[in-house]
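Source file: upload32.pdb (PDB, C-alpha atoms, pLDDT in the B column)
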ATOM      1  CA  MET W   1     -20.328  21.996  19.410  1.00 59.00           C
ATOM      2  CA  PRO W   2     -21.940  24.311  16.825  1.00 65.00           C
ATOM      3  CA  SER W   3     -23.302  22.554  13.754  1.00 71.00           C
ATOM      4  CA  GLY W   4     -20.864  24.331  11.370  1.00 78.00           C
ATOM      5  CA  ILE W   5     -17.859  23.064  13.298  1.00 82.00           C
ATOM      6  CA  ARG W   6     -19.450  19.648  13.556  1.00 80.00           C
ATOM      7  CA  TRP W   7     -19.748  19.378   9.765  1.00 81.00           C
ATOM      8  CA  TRP W   8     -16.140  20.503   9.318  1.00 86.00           C
ATOM      9  CA  LEU W   9     -15.188  17.702  11.686  1.00 86.00           C
ATOM     10  CA  VAL W  10     -17.191  15.243   9.574  1.00 83.00           C
ATOM     11  CA  ILE W  11     -15.312  16.425   6.460  1.00 88.00           C
ATOM     12  CA  VAL W  12     -11.915  16.147   8.177  1.00 91.00           C
ATOM     13  CA  LEU W  13     -12.719  12.666   9.473  1.00 89.00           C
ATOM     14  CA  ALA W  14     -13.918  11.609   6.019  1.00 89.00           C
ATOM     15  CA  LEU W  15     -10.601  12.821   4.569  1.00 93.00           C
ATOM     16  CA  VAL W  16      -8.731  10.865   7.245  1.00 94.00           C
ATOM     17  CA  PHE W  17     -10.757   7.757   6.307  1.00 91.00           C
ATOM     18  CA  ILE W  18      -9.846   8.240   2.644  1.00 92.00           C
ATOM     19  CA  SER W  19      -6.159   8.865   3.408  1.00 95.00           C
ATOM     20  CA  LEU W  20      -5.921   5.879   5.729  1.00 94.00           C
ATOM     21  CA  GLY W  21      -7.580   3.643   3.134  1.00 92.00           C
ATOM     22  CA  ALA W  22      -5.263   4.852   0.381  1.00 94.00           C
ATOM     23  CA  MET W  23      -2.194   4.365   2.567  1.00 95.00           C
ATOM     24  CA  ARG W  24      -3.281   0.854   3.490  1.00 95.00           C
ATOM     25  CA  GLU W  25      -3.996  -0.041  -0.134  1.00 94.00           C
ATOM     26  CA  VAL W  26      -0.626   1.190  -1.419  1.00 96.00           C
ATOM     27  CA  LEU W  27       1.238  -0.546   1.395  1.00 96.00           C
ATOM     28  CA  PHE W  28      -0.525  -3.903   1.050  1.00 95.00           C
ATOM     29  CA  VAL W  29      -0.401  -3.939  -2.762  1.00 95.00           C
ATOM     30  CA  ASN W  30       3.342  -3.323  -2.625  1.00 97.00           C
ATOM     31  CA  ILE W  31       3.898  -5.962   0.054  1.00 97.00           C
ATOM     32  CA  ASN W  32       2.030  -8.414  -2.186  1.00 95.00           C
ATOM     33  CA  GLU W  33       4.211  -7.340  -5.137  1.00 96.00           C
ATOM     34  CA  GLN W  34       7.335  -7.946  -3.040  1.00 96.00           C
ATOM     35  CA  LEU W  35       6.056 -11.381  -2.006  1.00 95.00           C
ATOM     36  CA  LEU W  36       5.300 -12.248  -5.618  1.00 94.00           C
ATOM     37  CA  PHE W  37       8.748 -11.064  -6.749  1.00 95.00           C
ATOM     38  CA  ASN W  38      10.483 -13.029  -3.966  1.00 94.00           C
ATOM     39  CA  GLU W  39       8.616 -16.188  -5.002  1.00 92.00           C
ATOM     40  CA  GLY W  40       9.601 -15.729  -8.651  1.00 90.00           C
ATOM     41  CA  GLY W  41       6.026 -15.000  -9.726  1.00 88.00           C
ATOM     42  CA  VAL W  42       7.102 -11.950 -11.737  1.00 89.00           C
ATOM     43  CA  ASP W  43      10.378 -11.200 -13.459  1.00 85.00           C
ATOM     44  CA  ARG W  44      10.162  -7.407 -13.206  1.00 90.00           C
ATOM     45  CA  TYR W  45      10.367  -5.593  -9.855  1.00 92.00           C
ATOM     46  CA  ARG W  46       7.169  -3.533  -9.472  1.00 93.00           C
ATOM     47  CA  VAL W  47       7.358  -2.198  -5.894  1.00 95.00           C
ATOM     48  CA  VAL W  48       7.236   1.611  -5.758  1.00 95.00           C
ATOM     49  CA  PRO W  49      10.667   3.154  -5.066  1.00 94.00           C
ATOM     50  CA  HIS W  50       9.555   4.765  -1.797  1.00 94.00           C
ATOM     51  CA  LEU W  51       8.969   1.311  -0.317  1.00 94.00           C
ATOM     52  CA  TRP W  52      12.431  -0.038  -1.124  1.00 92.00           C
ATOM     53  CA  ILE W  53      12.704  -1.212   2.497  1.00 95.00           C
ATOM     54  CA  LEU W  54      10.432  -4.154   1.642  1.00 95.00           C
ATOM     55  CA  LYS W  55      13.412  -5.800  -0.118  1.00 94.00           C
ATOM     56  CA  GLU W  56      15.037  -6.225   3.281  1.00 95.00           C
ATOM     57  CA  TYR W  57      12.355  -8.594   4.612  1.00 95.00           C
ATOM     58  CA  SER W  58      11.804 -12.301   4.009  1.00 95.00           C
ATOM     59  CA  ASN W  59       8.415 -13.566   2.924  1.00 96.00           C
ATOM     60  CA  GLY W  60       7.716 -14.844   6.432  1.00 96.00           C
ATOM     61  CA  GLU W  61       8.482 -11.423   7.902  1.00 97.00           C
ATOM     62  CA  LEU W  62       6.361  -9.659   5.276  1.00 97.00           C
ATOM     63  CA  LEU W  63       3.424 -11.963   5.985  1.00 94.00           C
ATOM     64  CA  ARG W  64       3.799 -11.360   9.728  1.00 96.00           C
ATOM     65  CA  TRP W  65       3.828  -7.590   9.102  1.00 95.00           C
ATOM     66  CA  LYS W  66       0.658  -7.914   7.017  1.00 93.00           C
ATOM     67  CA  TRP W  67      -1.119  -9.605   9.944  1.00 91.00           C
ATOM     68  CA  ILE W  68       0.099  -6.981  12.414  1.00 95.00           C
ATOM     69  CA  MET W  69      -0.865  -4.120  10.103  1.00 95.00           C
ATOM     70  CA  THR W  70      -4.282  -5.659   9.454  1.00 94.00           C
ATOM     71  CA  VAL W  71      -5.018  -5.517  13.180  1.00 93.00           C
ATOM     72  CA  LEU W  72      -3.592  -1.982  13.483  1.00 95.00           C
ATOM     73  CA  PHE W  73      -5.532  -0.614  10.494  1.00 96.00           C
ATOM     74  CA  THR W  74      -8.704  -2.268  11.795  1.00 95.00           C
ATOM     75  CA  MET W  75      -8.216  -0.622  15.198  1.00 95.00           C
ATOM     76  CA  MET W  76      -7.579   2.756  13.571  1.00 95.00           C
ATOM     77  CA  HIS W  77     -10.796   2.446  11.574  1.00 95.00           C
ATOM     78  CA  LEU W  78     -12.682   1.416  14.698  1.00 95.00           C
ATOM     79  CA  LEU W  79     -11.395   4.471  16.576  1.00 93.00           C
ATOM     80  CA  LEU W  80     -12.168   6.786  13.663  1.00 92.00           C
ATOM     81  CA  SER W  81     -15.664   5.346  13.386  1.00 91.00           C
ATOM     82  CA  ALA W  82     -16.264   5.765  17.119  1.00 90.00           C
ATOM     83  CA  LEU W  83     -15.054   9.361  16.920  1.00 88.00           C
ATOM     84  CA  MET W  84     -17.283  10.026  13.945  1.00 85.00           C
ATOM     85  CA  LEU W  85     -20.331   8.604  15.724  1.00 84.00           C
ATOM     86  CA  LYS W  86     -19.730  10.379  19.020  1.00 80.00           C
ATOM     87  CA  GLN W  87     -18.254  13.746  18.130  1.00 75.00           C
ATOM     88  CA  ALA W  88     -19.367  14.484  14.620  1.00 65.00           C
ATOM     89  CA  LEU W  89     -22.755  12.806  14.414  1.00 68.00           C
ATOM     90  CA  ARG W  90     -23.650  12.835  18.137  1.00 71.00           C
ATOM     91  CA  PHE W  91     -24.753   9.221  18.340  1.00 67.00           C
ATOM     92  CA  LYS W  92     -23.418   8.568  21.841  1.00 65.00           C
ATOM     93  CA  ALA W  93     -25.029   5.244  22.721  1.00 65.00           C
ATOM     94  CA  SER W  94     -24.061   3.678  19.408  1.00 77.00           C
ATOM     95  CA  ARG W  95     -20.451   2.969  20.280  1.00 81.00           C
ATOM     96  CA  ARG W  96     -21.405  -0.346  21.862  1.00 84.00           C
ATOM     97  CA  LEU W  97     -23.115  -1.333  18.622  1.00 86.00           C
ATOM     98  CA  LEU W  98     -20.005  -0.322  16.674  1.00 90.00           C
ATOM     99  CA  PHE W  99     -17.684  -2.307  18.955  1.00 92.00           C
ATOM    100  CA  ALA W 100     -20.015  -5.313  18.733  1.00 92.00           C
ATOM    101  CA  LEU W 101     -20.008  -5.107  14.926  1.00 93.00           C
ATOM    102  CA  TYR W 102     -16.205  -5.024  14.843  1.00 95.00           C
ATOM    103  CA  LEU W 103     -15.913  -7.858  17.349  1.00 96.00           C
ATOM    104  CA  ILE W 104     -18.371 -10.033  15.416  1.00 96.00           C
ATOM    105  CA  GLY W 105     -16.570  -9.264  12.142  1.00 96.00           C
ATOM    106  CA  PHE W 106     -13.191 -10.072  13.665  1.00 95.00           C
ATOM    107  CA  VAL W 107     -14.428 -13.374  15.138  1.00 97.00           C
ATOM    108  CA  VAL W 108     -16.230 -14.443  11.935  1.00 97.00           C
ATOM    109  CA  SER W 109     -13.135 -13.549   9.927  1.00 96.00           C
ATOM    110  CA  GLY W 110     -10.916 -15.649  12.183  1.00 95.00           C
ATOM    111  CA  LEU W 111     -13.344 -18.566  12.150  1.00 97.00           C
ATOM    112  CA  SER W 112     -13.581 -18.428   8.343  1.00 97.00           C
ATOM    113  CA  PHE W 113      -9.820 -18.588   8.101  1.00 95.00           C
ATOM    114  CA  LEU W 114      -9.508 -21.476  10.573  1.00 97.00           C
ATOM    115  CA  ILE W 115     -12.442 -23.471   9.181  1.00 97.00           C
ATOM    116  CA  GLY W 116     -11.057 -23.049   5.664  1.00 97.00           C
ATOM    117  CA  ARG W 117      -7.730 -24.504   6.760  1.00 96.00           C
ATOM    118  CA  TRP W 118      -9.410 -27.312   8.705  1.00 97.00           C
ATOM    119  CA  ALA W 119     -11.714 -28.192   5.797  1.00 97.00           C
ATOM    120  CA  GLY W 120      -8.849 -28.290   3.315  1.00 96.00           C
ATOM    121  CA  LEU W 121      -9.990 -25.072   1.593  1.00 96.00           C
ATOM    122  CA  PRO W 122      -7.400 -22.576   2.820  1.00 95.00           C
ATOM    123  CA  ASP W 123      -7.781 -20.237  -0.179  1.00 95.00           C
ATOM    124  CA  LEU W 124     -11.535 -19.953   0.317  1.00 96.00           C
ATOM    125  CA  GLY W 125     -11.185 -19.413   4.081  1.00 96.00           C
ATOM    126  CA  TYR W 126      -8.525 -16.767   3.509  1.00 94.00           C
ATOM    127  CA  THR W 127     -10.623 -15.018   0.845  1.00 95.00           C
ATOM    128  CA  ILE W 128     -13.688 -14.834   3.076  1.00 96.00           C
ATOM    129  CA  SER W 129     -11.572 -13.659   5.986  1.00 96.00           C
ATOM    130  CA  ARG W 130      -9.873 -11.057   3.813  1.00 93.00           C
ATOM    131  CA  VAL W 131     -13.191  -9.665   2.533  1.00 95.00           C
ATOM    132  CA  ILE W 132     -14.562  -9.340   6.065  1.00 96.00           C
ATOM    133  CA  MET W 133     -11.398  -7.665   7.364  1.00 94.00           C
ATOM    134  CA  GLY W 134     -11.374  -5.381   4.334  1.00 92.00           C
ATOM    135  CA  GLY W 135     -14.883  -4.300   5.241  1.00 93.00           C
ATOM    136  CA  LEU W 136     -13.796  -3.548   8.796  1.00 95.00           C
ATOM    137  CA  GLN W 137     -10.896  -1.490   7.447  1.00 93.00           C
ATOM    138  CA  SER W 138     -13.252   0.885   5.686  1.00 90.00           C
ATOM    139  CA  PRO W 139     -16.163   3.214   6.426  1.00 88.00           C
ATOM    140  CA  PHE W 140     -18.538   0.309   5.680  1.00 90.00           C
ATOM    141  CA  PRO W 141     -19.501  -0.285   9.348  1.00 91.00           C
ATOM    142  CA  LEU W 142     -20.510   3.383   9.575  1.00 87.00           C
ATOM    143  CA  MET W 143     -22.519   3.007   6.396  1.00 86.00           C
ATOM    144  CA  LEU W 144     -24.498   0.255   8.153  1.00 87.00           C
ATOM    145  CA  ILE W 145     -24.843   1.852  11.564  1.00 86.00           C
ATOM    146  CA  ILE W 146     -25.679   5.471  10.676  1.00 82.00           C
ATOM    147  CA  PRO W 147     -28.844   4.715   8.660  1.00 82.00           C
ATOM    148  CA  ALA W 148     -29.937   2.193  11.302  1.00 80.00           C
ATOM    149  CA  LEU W 149     -29.517   4.801  14.037  1.00 78.00           C
ATOM    150  CA  MET W 150     -31.293   7.449  11.974  1.00 77.00           C
ATOM    151  CA  LEU W 151     -34.238   5.088  11.435  1.00 80.00           C
ATOM    152  CA  LYS W 152     -34.299   4.217  15.116  1.00 75.00           C
ATOM    153  CA  SER W 153     -34.266   7.866  16.196  1.00 73.00           C
ATOM    154  CA  SER W 154     -37.082   8.723  13.781  1.00 73.00           C
ATOM    155  CA  GLU W 155     -39.421   6.179  15.414  1.00 67.00           C
TER     156      GLU W 155
END

As a first step, turn the structure in this file into structure tokens.
Amino acid sequence: MPSGIRWWLVIVLALVFISLGAMREVLFVNINEQLLFNEGGVDRYRVVPHLWILKEYSNGELLRWKWIMTVLFTMMHLLLSALMLKQALRFKASRRLLFALYLIGFVVSGLSFLIGRWAGLPDLGYTISRVIMGGLQSPFPLMLIIPALMLKSSE
């Protein structure tokens, strides 16, 4: 692939990363607003009108959807990152490193959540888990891997 096309691909993939992150943020913020409203935590309904469908779900269903969407958004970011490494940046052997990073992050996130519940600190376990999963649902893994690969290839 010529370098000009390759850089256009990098730009398009970066825009997809940004769009996916914005979509996830709007969706999750509004689900949290719906949960808060359902629990009586706020007296004014603050969910954006386009997401009116959230009113139709119970808190249990909304929480289940958040878990499902967390896994889906993580997988989409993993696939985008793999595509960016292979096609746009031509780091072919690095996909194993990327998959390992995601797997480790996913396992550590799950363990943090479970250990927090077991230790009687569910809020702390959830917060740690949420931060790790938030990192996996972003370009952050690429921001770790790309410089490492560039340093390795310069040796």

So which residues touch Gly105 in chain W within 9 Å, counting all atoms listed in the file, skipping near sequence neighbours fewer than 5 positions away, as a list in words?
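Near neighbours after the sequence-gap exclusion: Ala100, Gly110, Ile132, Met133, Gly135 and Leu136 of chain W.
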
Under the rule that all atoms listed in the file are counted, which of W:Ala119, W:Ile31, W:Val26, W:Val12 is the nearest residue to Trp65 in chain W?
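Answer, going by the shortest atom-to-atom distance: W:Ile31.
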
Skipping near chain neighbours, those fewer than 4 positions away, what residues fall within 9 Å of Thr74 in chain W using all atoms listed in the file, listed as a PDB file with C-alpha atoms, in the coordinates of the input?
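Saved as around.pdb:
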ATOM      1  CA  MET W  69      -0.865  -4.120  10.103  1.00 95.00           C
ATOM      2  CA  THR W  70      -4.282  -5.659   9.454  1.00 94.00           C
ATOM      3  CA  LEU W  78     -12.682   1.416  14.698  1.00 95.00           C
ATOM      4  CA  LEU W  79     -11.395   4.471  16.576  1.00 93.00           C
ATOM      5  CA  TYR W 102     -16.205  -5.024  14.843  1.00 95.00           C
ATOM      6  CA  MET W 133     -11.398  -7.665   7.364  1.00 94.00           C
ATOM      7  CA  GLY W 134     -11.374  -5.381   4.334  1.00 92.00           C
ATOM      8  CA  LEU W 136     -13.796  -3.548   8.796  1.00 95.00           C
ATOM      9  CA  GLN W 137     -10.896  -1.490   7.447  1.00 93.00           C
ATOM     10  CA  SER W 138     -13.252   0.885   5.686  1.00 90.00           C
TER      11      SER W 138
END

Matched chain/residue IDs from the PyMOL selection byres ((chain W and resi 96) around 12), as an MDAnalysis selection string:
chainID W and resid 78 81:82 85:86 91:95 97:103 145

Tell me which protein, DNA and RNA residues are within 10 Å of Leu36 in chain W, counting all atoms listed in the file, leaving out same-chain ones fewer than 6 positions away, and put them as a list of chain:residue names.
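In the requested format, the answer is W:Asn30, W:Val42, W:Asp43, W:Tyr45, W:Arg46, W:Asn59.
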
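What separates CA of Pro49 in chain W from CA of Arg24 in chain W is a distance of 16.5 Å.
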
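Within the file as shown, the PyMOL selection byres ((chain W and resi 10) around 10) identifies Gly4, Ile5, Arg6, Trp7, Trp8, Leu9, Ile11, Val12, Leu13, Ala14, Leu15, Val16, Leu83, Met84, Leu85, Gln87, Ala88 and Leu89 of chain W.
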
Could those residues be written to a file, using C-alpha atoms, as a PDB file, keeping the file's coordinate frame?
ATOM      1  CA  GLY W   4     -20.864  24.331  11.370  1.00 78.00           C
ATOM      2  CA  ILE W   5     -17.859  23.064  13.298  1.00 82.00           C
ATOM      3  CA  ARG W   6     -19.450  19.648  13.556  1.00 80.00           C
ATOM      4  CA  TRP W   7     -19.748  19.378   9.765  1.00 81.00           C
ATOM      5  CA  TRP W   8     -16.140  20.503   9.318  1.00 86.00           C
ATOM      6  CA  LEU W   9     -15.188  17.702  11.686  1.00 86.00           C
ATOM      7  CA  ILE W  11     -15.312  16.425   6.460  1.00 88.00           C
ATOM      8  CA  VAL W  12     -11.915  16.147   8.177  1.00 91.00           C
ATOM      9  CA  LEU W  13     -12.719  12.666   9.473  1.00 89.00           C
ATOM     10  CA  ALA W  14     -13.918  11.609   6.019  1.00 89.00           C
ATOM     11  CA  LEU W  15     -10.601  12.821   4.569  1.00 93.00           C
ATOM     12  CA  VAL W  16      -8.731  10.865   7.245  1.00 94.00           C
ATOM     13  CA  LEU W  83     -15.054   9.361  16.920  1.00 88.00           C
ATOM     14  CA  MET W  84     -17.283  10.026  13.945  1.00 85.00           C
ATOM     15  CA  LEU W  85     -20.331   8.604  15.724  1.00 84.00           C
ATOM     16  CA  GLN W  87     -18.254  13.746  18.130  1.00 75.00           C
ATOM     17  CA  ALA W  88     -19.367  14.484  14.620  1.00 65.00           C
ATOM     18  CA  LEU W  89     -22.755  12.806  14.414  1.00 68.00           C
TER      19      LEU W  89
END

For Met23 in chain W, which residue among W:Arg44, W:Val131, W:Phe73, W:Glu56 is the nearest when counting only C-alpha atoms?
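Result for the nearest residue to Met23 in chain W: W:Phe73.
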
Counting all atoms listed in the file, which of W:Val47, W:Trp52, W:Ile128, W:Arg64 gets nearest to Leu111 in chain W?
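With all atoms listed in the file as the atom set, the closest residue is W:Ile128.
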
Please measure the separation of CA of Arg130 in chain W and CA of Met76 in chain W, giving the value in Å to one decimal.
17.1 Å

As a check of understanding: the span from CA of Ser112 in chain W to CA of Ser129 in chain W is 5.7 Å

Which residues would end up in the selection if the PyMOL selection byres ((chain W and resi 62) around 12) were applied here, given that I need the answer as a PyMOL selection string?
chain W and resi 27-36+38+53-61+63-69

Draw an axis-aligned box tight on the listed atoms of range 71-84 of chain W, then pad every side by 8 Å and write out centre and edge lengths in Å to one decimal as AutoDock Vina command-line options.
--center_x -10.4 --center_y 2.3 --center_z 13.8 --size_x 29.7 --size_y 31.5 --size_z 22.6

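Closest approach to Ser153 in chain W among W:Arg90, W:Leu72, W:Thr127, W:Gly21 is made by W:Arg90 (distances from all atoms listed in the file).
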